[in-house]
Each structure stands twice: as C-alpha cells, then as structure tokens.
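*Asks:* Questions regarding the structure given below will be posed in turn.
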Amino acid sequence: MIYRKVRVLALVMLTLLIVFTSGCTGAETSEPTEDVQVVTLVGYLIGSPPAGLKDVLNELNAKLIKDLQVRIDLRYIGWGELAARYPLVLTSDDTADFIFASNWTYYTQIAAQGGFREITPEMMKNYMPLHYKATDQQAWEQAEIGGKIYMIPSASPDLKVPVTLIRGDLRKKYGLTEIKRFTDLAPYLEAVKTNEPNMVPIRVDKQYDFSKTHSNLQWELGPAVVDLITTTNGFSGVFTSWDSSDGAVLSIFDEPLKRSFLQAGKIVKDWYDRGYINHDAIANKVRSKDSFEQGLSAVAFGNSNDIQSTLANAEQKGWEVEIIPTLSSKGTYIADPFVNNGVALPADSKHAELTMRMLDLIMEDPVYSRLVYFGIEGKNYVLQGGEIAMPPGTSADKNDYPPDAAGFWFTNKSEYPPFAAWSEVYREHRKQIGSMLVPYRYSSFNFNAEPIKGELEQINQAAIQYLNPLLGGMVPDVNQAFNQMQKAVIDAGFPKVINEARRQAHSYMLQEDAVQGSAQIMNQEE
C-alpha cells in the first residue's frame, strides 16, 4: 500500500522526514510520529465550521494518523460564496484532495469540464471496499456522466423534505388558526410585523434562503418544478415537474409555468413591500434558521434533517415550533437521489488513494462516522437507551458541535440511531416524510452542458441581473421585470439551450424506457 511505502521511505530519509513533519500543523496526538511521515489531506465542505470543530478534528486526526498516517486540513465554502468560490477551489494553485460534491453544487457542469477525477469500480474495490459494498448500483448510475463516474455518492439518500418553521406560540398568542400551507402564511407575518418590533417576519440570507419564499409559493401554486440543467444552483430557464410522469421539459416563459411564476413573484413583492422580508437580503450572510434561533426571525427555512438543532434550541427557550412541509399542490416532493450528497476528488488531487481510504472510514466506519457527524462521545453526545442524547448537565443550545452542522453530509446516515430529544411534533413529521416523497423521472439524468456552455454562462449572468431582484420582491413591477429578464435570457441563447435540453431529455427517456422494458421481460421469464 502507498502509505506503507511512504513509511519505509521516511525511515530511510530522516532529513526529509524532519522537513515534512515540521510543515504539518493541526491535531496533536500522543502516538509517536518520529518514524512516520504524516500526509496532510486538504478537504472542502459547505457551510461554516461549528465552534467545536477544532476539538473534533484533533480527535479525528489522532485516529487517522494512527490508522492511515494522514491528517485532514478542513476548509469551508460559505453559503454566501458557493457560486463564486466553489469552482475556484478546483482551479486555484492550492491543491485540494477532496471536496463535497452533489447534484446541487455544479457536479454535472464541473465533471463535464474535467474538474473532477474519474472514479472507477476498481478504485472503489481497492481503496473504499466498505463504501462500495454499502452502496446501491443505482447510486453509481445517478453519478454517471458520459459513461464515467466523477463522484462518490452517499450510500443512503437523505429522507427529507423542505420545511418552513414558525413560532407556534406566537401564532396562538395572536389568535391565528393552524397554518398548513406556505401560501397561508400572510396573517402570521402581519401579526409578527405588527406586534414584534425586534423581529423581521422572514429574515433571509443572500444564498441559501434568498429564493425560498418564491419557490415555496410557486410549488404550491403549481406546477412544482426543478431546474433540469442546474438543479438548485444557477438558472437555465428549463424545468420539469416532479408531479408529472410524462417527463415534459418546460420553459419558464410558457404556460403553465409562467402564470404561477408571476403569481408567486407578486406575492413576494407584496410581502417585501409590507416589510415581511428583510430589505438587506441581498447582502445578509446569516441563514434564516440562525436568525430564528436568535429570536430575530419568525420563520426559518430548512429541511427535515438540518432543523433538528434549531428545534432543540427553541425548546430550550420555551418556544413552541411548528413544522410546515413546503411541498407541491399535491403534497409531494422529490425523493432525494444518492447524488444529493457525495464527495469528489479534484482532477489534480495528489493523494487519491490515501484520500479514498480516509473517506471509506469516515463514510462507513461507525466510530469515524459518528465522530464527524455527532462530535465527541461524552462531550457532544451520549448513547442513552439506543438513542442519541445530550451528556448530563449540558443542553442543545450549549452543544458546540450540533449534529449535521459540520458538513459531513455524505456519511451513511441510515446507520444512525434516533435522537432522544426529538419532540413529538418532529417524530410525527418524520413518520409522514415517506408519504410525501415521490420518484423523479430524471433522478439519474446528468445533463451534458458542453454543447451550450457559453449560452448557459450568459443566461446565468442575465439571471443574476434581472431574475434575482424579482425572486426577492425587490422590483417596482413584477411583469416588467419578468419581461426584461425574458429578453435578456433569450438574447443570451435560451432557444438553443431548451432545444438541447429537450433533445437530451428525450434520449434519456428512451434509454430509461428500454431498460425498464428489458427488466419487465426478464421478470416475466423468471
């Protein structure tokens, strides 16, 4: 193995050892390292580091040094800089060894441009046997682009839906009826605006939350759609509905999508004008759920997984939080594909084999996996009756390493126990998630952007200038703003883009139908 060869080399070349080990920084360990060359692996995750990350990294690196003679130098790409910085990490002079990858962080586009290293079955069998064994074949099919694979998907898709949290105690205080749909939120927002001077009803950030108000409204007003080309980041104007099985490719400029898009835009503008939405959203870097925990926002956007610490912290403060699943008009949402969470190796990664051995432990070894996801046992959590609980004398709001907060979202979460602190409201929500999820016709579709790369870049720039203000309610006239956006996007090459999208989508559906037909014949023969 490579790291054993390195160890032998280190024993012979003592001078080189001193140079390398003096250059390594980070976790201290009691394990003797005089005869071991420790390789530092640089990794990038999304979000921001929790306060307790240093302690967890110290323990993680001590284990990695002992088991693999490697340590991790972990860095973060903030939500507010995702679009600008993520691609730069892969083209900068500072070599990265691994980076969070997913269908919502430009996987298809970057892979098509050669930004990620190819992952072969042989590599997985040799360097990640635990994860290879745990991962369904469908995961690799979803990650395939042009016949090759460029990411390591999670072995367990998240069981989650988008949700909106509101303060149930405030809703009851002002005599409002139960709210089950996002489109029914206005009376609650008005009550908060009128009676809670220290709160902005909806306080969004410039990246994660910014378009959530519009999309939540538009999904309920229908049709509920997802961008076929760029998923949740960027904009192409090309959409498909997850409630439709026909696979139709929709243009934002045609019915039935245009009507609901404009209707949602007018509601967002009304809420913005009334002061229901913060007017500094274009610059704000604080997510709504963080503002919610601080008592500065009456609404929090998130999903079934990442709201857990928010619910726990709210409970500590005596607040009653209610969960509103933000779904389509039919009460559905797309079941997460395997590629919703994963990790990739940059094309110029210098330590591919070592990185994969390290990832195999983090993704599948229970000791490593729980450490990166939950923190240090006894400090950040304890196992109590088969459930995850807070250590005696501590509370969720004092936990400096909340579950799910550090960005290791590609671990095998199907192996995790439930939380002792889950409220009855949350436990009930989790029971209902399965009934909300529907399969998506394009779950394994990876768009090849190469033929229209230039057009997509121009369309995205037009969207930044003309679409974003509309999504945030910051325009004088929604119809006029939409028309300006439409002209700019069409001038940037939209007709070519949607034609190419329809061509690729049609080819994909023919292949999928052929595969399903073959499977049905085989089942009948059996």
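As shown in the structure tokens, the chain order sets the letters A, B, ...; within each chain, residues go from 1, and ligands are also counted from 1 in the order they appear.
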Can you tell me, as a ChimeraX atom specification, what residues are no more than 8 Å from Pro87 (chain A) when counting only C-alpha atoms, ignoring any on the same chain fewer than 4 positions away?
*Replies:* /A:83,91,110
*Asks:* Considering only C-alpha atoms, return as a list in words whatever protein or nucleic-acid residues lie within 7 Å of region 475-479 of chain A, sequence-local ones (same chain, fewer than 6 positions apart) excluded.
*Replies:* Gly265, Lys266 and Pro469 of chain A
*Asks:* Now that the selection is made, can you save its residues with C-alpha atoms as a PDB file, in the first residue's frame?
*Replies:*
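Below you can see out-v6.pdb, which holds the result:
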ATOM      1  CA  GLY A 265     -43.414  36.880  -7.699  1.00  0.00           C
ATOM      2  CA  LYS A 266     -46.271  39.290  -6.978  1.00  0.00           C
ATOM      3  CA  PRO A 469     -34.379  41.045  -7.702  1.00  0.00           C
TER       4      PRO A 469
END
*Asks:* A:Glu457, A:Asp158, A:Asp365, A:Asp227: which is nearest Gly434 (chain A), counting only C-alpha atoms?
*Replies:*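 Of all the options, A:Asp158 lies closest to Gly434 (chain A).
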*Asks:* At a cut-off of 6 Å, using only C-alpha atoms, what residues contact region 302-318 of chain A? Leave out same-chain residues fewer than 5 positions from it and give the result as a PyMOL selection string.
*Replies:* chain A and resi 160-163+396-397
*Asks:* Would you put the residues from that selection into a file with C-alpha atoms, as a PDB file, in the first residue's frame?
*Replies:*
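Everything below was put into again-v3.pdb:
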ATOM      1  CA  LYS A 160     -36.176  14.671   3.999  1.00  0.00           C
ATOM      2  CA  VAL A 161     -38.412  17.361   2.548  1.00  0.00           C
ATOM      3  CA  PRO A 162     -38.070  21.154   2.572  1.00  0.00           C
ATOM      4  CA  VAL A 163     -39.759  22.696   5.600  1.00  0.00           C
ATOM      5  CA  ALA A 396     -28.610  21.573  22.888  1.00  0.00           C
ATOM      6  CA  ASP A 397     -28.006  25.320  22.915  1.00  0.00           C
TER       7      ASP A 397
END
*Asks:* From a DSSP calculation on the backbone, collect every residue of region 49-283 of chain A in alpha helix (DSSP H) and output the set as a ChimeraX atom specification.
*Replies:* /A:53-68,82-89,107-112,121-127,129-134,137-143,168-173,186-195,212-221,257-273
*Asks:* Please determine, counting only C-alpha atoms, which residue among A:Gly47, A:Gly80, A:Pro197, A:Pro153 has the shortest atom-to-atom distance to Val339 (chain A).
*Replies:*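 Using only C-alpha atoms, the shortest distance to Val339 (chain A) belongs to A:Pro153.
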*Asks:* Here is a test: counting only C-alpha atoms, which residue of A:Asn448, A:Asn61, A:Gln486, A:Ser241 is nearest to Ile229 (chain A)?
*Replies:*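 Counting only C-alpha atoms, the residue closest to Ile229 (chain A) is A:Asn448.
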*Asks:* List the neighbours of Leu45 (chain A) out to 10 Å using only C-alpha atoms; skip same-chain residues closer than 6 positions along the sequence, and give me the result as a list in words.
*Replies:* Leu74, Arg75, Tyr76, Ile77, Gly78, Tyr86, Phe98, Ile99, Phe100, Ala101, Val343, Ala406, Gly407, Phe408 and Trp409 of chain A
*Asks:* With N, CA and C atoms kept, could you save the residues just selected as a PDB file, in the first residue's frame?
*Replies:*
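Written out: again_1.pdb:
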ATOM      1  N   LEU A  74      -9.129  20.882   7.097  1.00  0.00           N
ATOM      2  CA  LEU A  74     -10.504  21.088   6.636  1.00  0.00           C
ATOM      3  C   LEU A  74     -10.804  22.566   6.431  1.00  0.00           C
ATOM      4  N   ARG A  75     -11.393  22.883   5.280  1.00  0.00           N
ATOM      5  CA  ARG A  75     -11.751  24.259   4.945  1.00  0.00           C
ATOM      6  C   ARG A  75     -13.208  24.305   4.494  1.00  0.00           C
ATOM      7  N   TYR A  76     -13.808  25.497   4.573  1.00  0.00           N
ATOM      8  CA  TYR A  76     -15.235  25.627   4.276  1.00  0.00           C
ATOM      9  C   TYR A  76     -15.495  26.672   3.203  1.00  0.00           C
ATOM     10  N   ILE A  77     -16.487  26.367   2.373  1.00  0.00           N
ATOM     11  CA  ILE A  77     -17.016  27.315   1.387  1.00  0.00           C
ATOM     12  C   ILE A  77     -18.372  27.762   1.903  1.00  0.00           C
ATOM     13  N   GLY A  78     -18.499  29.019   2.280  1.00  0.00           N
ATOM     14  CA  GLY A  78     -19.731  29.520   2.882  1.00  0.00           C
ATOM     15  C   GLY A  78     -20.893  29.531   1.909  1.00  0.00           C
ATOM     16  N   TYR A  86     -16.787  27.968  -5.148  1.00  0.00           N
ATOM     17  CA  TYR A  86     -16.691  26.525  -5.366  1.00  0.00           C
ATOM     18  C   TYR A  86     -15.876  26.184  -6.620  1.00  0.00           C
ATOM     19  N   PHE A  98     -10.031  16.579  -1.554  1.00  0.00           N
ATOM     20  CA  PHE A  98     -11.422  16.172  -1.688  1.00  0.00           C
ATOM     21  C   PHE A  98     -12.313  17.383  -1.475  1.00  0.00           C
ATOM     22  N   ILE A  99     -13.529  17.298  -2.009  1.00  0.00           N
ATOM     23  CA  ILE A  99     -14.481  18.392  -1.896  1.00  0.00           C
ATOM     24  C   ILE A  99     -15.892  17.820  -1.902  1.00  0.00           C
ATOM     25  N   PHE A 100     -16.770  18.391  -1.094  1.00  0.00           N
ATOM     26  CA  PHE A 100     -18.182  17.977  -1.114  1.00  0.00           C
ATOM     27  C   PHE A 100     -18.709  18.125  -2.531  1.00  0.00           C
ATOM     28  N   ALA A 101     -19.432  17.135  -3.010  1.00  0.00           N
ATOM     29  CA  ALA A 101     -19.981  17.164  -4.360  1.00  0.00           C
ATOM     30  C   ALA A 101     -21.418  16.676  -4.328  1.00  0.00           C
ATOM     31  N   VAL A 343     -18.992  13.160  -2.390  1.00  0.00           N
ATOM     32  CA  VAL A 343     -17.671  13.770  -2.309  1.00  0.00           C
ATOM     33  C   VAL A 343     -16.923  13.430  -3.588  1.00  0.00           C
ATOM     34  N   ALA A 406     -21.559  20.189  10.635  1.00  0.00           N
ATOM     35  CA  ALA A 406     -20.186  20.354  10.168  1.00  0.00           C
ATOM     36  C   ALA A 406     -20.009  20.104   8.685  1.00  0.00           C
ATOM     37  N   GLY A 407     -21.066  19.644   7.988  1.00  0.00           N
ATOM     38  CA  GLY A 407     -20.973  19.482   6.541  1.00  0.00           C
ATOM     39  C   GLY A 407     -20.545  18.117   6.055  1.00  0.00           C
ATOM     40  N   PHE A 408     -20.425  17.134   6.964  1.00  0.00           N
ATOM     41  CA  PHE A 408     -20.104  15.767   6.534  1.00  0.00           C
ATOM     42  C   PHE A 408     -21.397  15.041   6.151  1.00  0.00           C
ATOM     43  N   TRP A 409     -22.097  15.591   5.173  1.00  0.00           N
ATOM     44  CA  TRP A 409     -23.433  15.090   4.854  1.00  0.00           C
ATOM     45  C   TRP A 409     -23.406  13.811   4.032  1.00  0.00           C
TER      46      TRP A 409
END
*Asks:* Counting only C-alpha atoms, what is within 7 Å of Arg71 (chain A), bar same-chain residues fewer than 4 positions away, as a CSV table (one decimal) with C-alpha atoms, in the first residue's frame?
*Replies:*
chain,number,residue,atom,x,y,z
A,38,VAL,CA,2.1,12.1,8.0
A,39,VAL,CA,0.4,13.3,4.8
A,40,THR,CA,-2.0,16.2,5.1
A,41,LEU,CA,-5.1,16.0,3.0
A,61,ASN,CA,-6.7,13.4,13.1
A,64,LEU,CA,-6.3,9.0,11.2
A,65,ILE,CA,-2.6,9.4,12.0
*Asks:* With DSSP run on the backbone, what are the strand (DSSP E) residues within region 230-448 of chain A? I'd like them as a compact mmCIF listing (two decimals) with C-alpha atoms, in the first residue's frame.
*Replies:*
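Produced file part_20.txt, reproduced below:
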# COMPACT_ATOMS: atom_id res chain seq x y z
CA VAL A 238 -35.53 24.92 -18.33
CA PHE A 239 -37.69 22.99 -15.85
CA THR A 240 -39.52 19.72 -15.27
CA SER A 241 -42.35 18.95 -12.85
CA LEU A 250 -40.99 23.22 -19.57
CA SER A 251 -39.91 26.74 -20.39
CA VAL A 299 -39.71 31.99 10.01
CA ALA A 300 -36.92 29.52 9.35
CA PHE A 301 -36.21 27.68 6.09
CA GLY A 302 -34.51 24.30 6.09
CA ASN A 303 -35.19 20.62 5.62
CA VAL A 321 -42.22 25.48 16.99
CA GLU A 322 -44.48 24.20 14.21
CA ILE A 323 -43.29 22.47 11.05
CA ILE A 324 -44.86 23.29 7.68
CA PRO A 325 -43.64 20.94 4.91
CA TYR A 333 -41.60 16.44 -3.02
CA ILE A 334 -38.79 14.70 -4.91
CA GLY A 342 -21.35 12.99 -2.00
CA VAL A 343 -17.67 13.77 -2.31
CA ALA A 344 -15.32 14.16 -5.26
CA VAL A 382 -24.04 10.14 24.62
CA LEU A 383 -25.89 6.96 23.72
CA GLN A 384 -28.86 6.56 26.02
CA GLU A 387 -30.78 6.94 21.19
CA ILE A 388 -28.52 9.98 20.76
CA ALA A 389 -28.80 12.24 23.81
CA LEU A 437 -41.82 11.65 -1.35
CA VAL A 438 -42.27 10.69 -5.00
*Asks:* Write out as a list in words the residues lying within 6 Å of region 273-286 of chain A, counting only C-alpha atoms and excluding same-chain residues fewer than 5 positions away.
*Replies:* Pro201, Ile202, Arg203, Val204, Asp205 and Lys206 of chain A
*Asks:* Find the residues around Thr120 (chain A) up to 9 Å (only C-alpha atoms counted), leave out those fewer than 3 positions away in its own chain, and share them as a PyMOL selection string.
*Replies:* chain A and resi 123-125+148-150
*Asks:* Keeping only N, CA and C atoms, take the residues you just selected and write them out as a short mmCIF file (atom, residue, chain, number, x, y, z; two decimals), in the first residue's frame.
*Replies:*
data_model
loop_
_atom_site.label_atom_id
_atom_site.label_comp_id
_atom_site.auth_asym_id
_atom_site.auth_seq_id
_atom_site.Cartn_x
_atom_site.Cartn_y
_atom_site.Cartn_z
N MET A 123 -11.02 1.28 -8.41
CA MET A 123 -10.57 2.17 -7.33
C MET A 123 -11.42 1.97 -6.08
N MET A 124 -12.73 1.88 -6.28
CA MET A 124 -13.62 1.70 -5.14
C MET A 124 -13.35 0.38 -4.43
N LYS A 125 -13.20 -0.69 -5.20
CA LYS A 125 -12.96 -2.01 -4.60
C LYS A 125 -11.64 -2.04 -3.84
N LYS A 148 -18.86 7.78 -17.55
CA LYS A 148 -17.86 7.75 -16.49
C LYS A 148 -18.43 8.34 -15.21
N ILE A 149 -17.77 8.04 -14.08
CA ILE A 149 -18.22 8.49 -12.76
C ILE A 149 -17.16 9.40 -12.16
N TYR A 150 -17.61 10.53 -11.61
CA TYR A 150 -16.67 11.53 -11.09
C TYR A 150 -16.94 11.91 -9.64
#
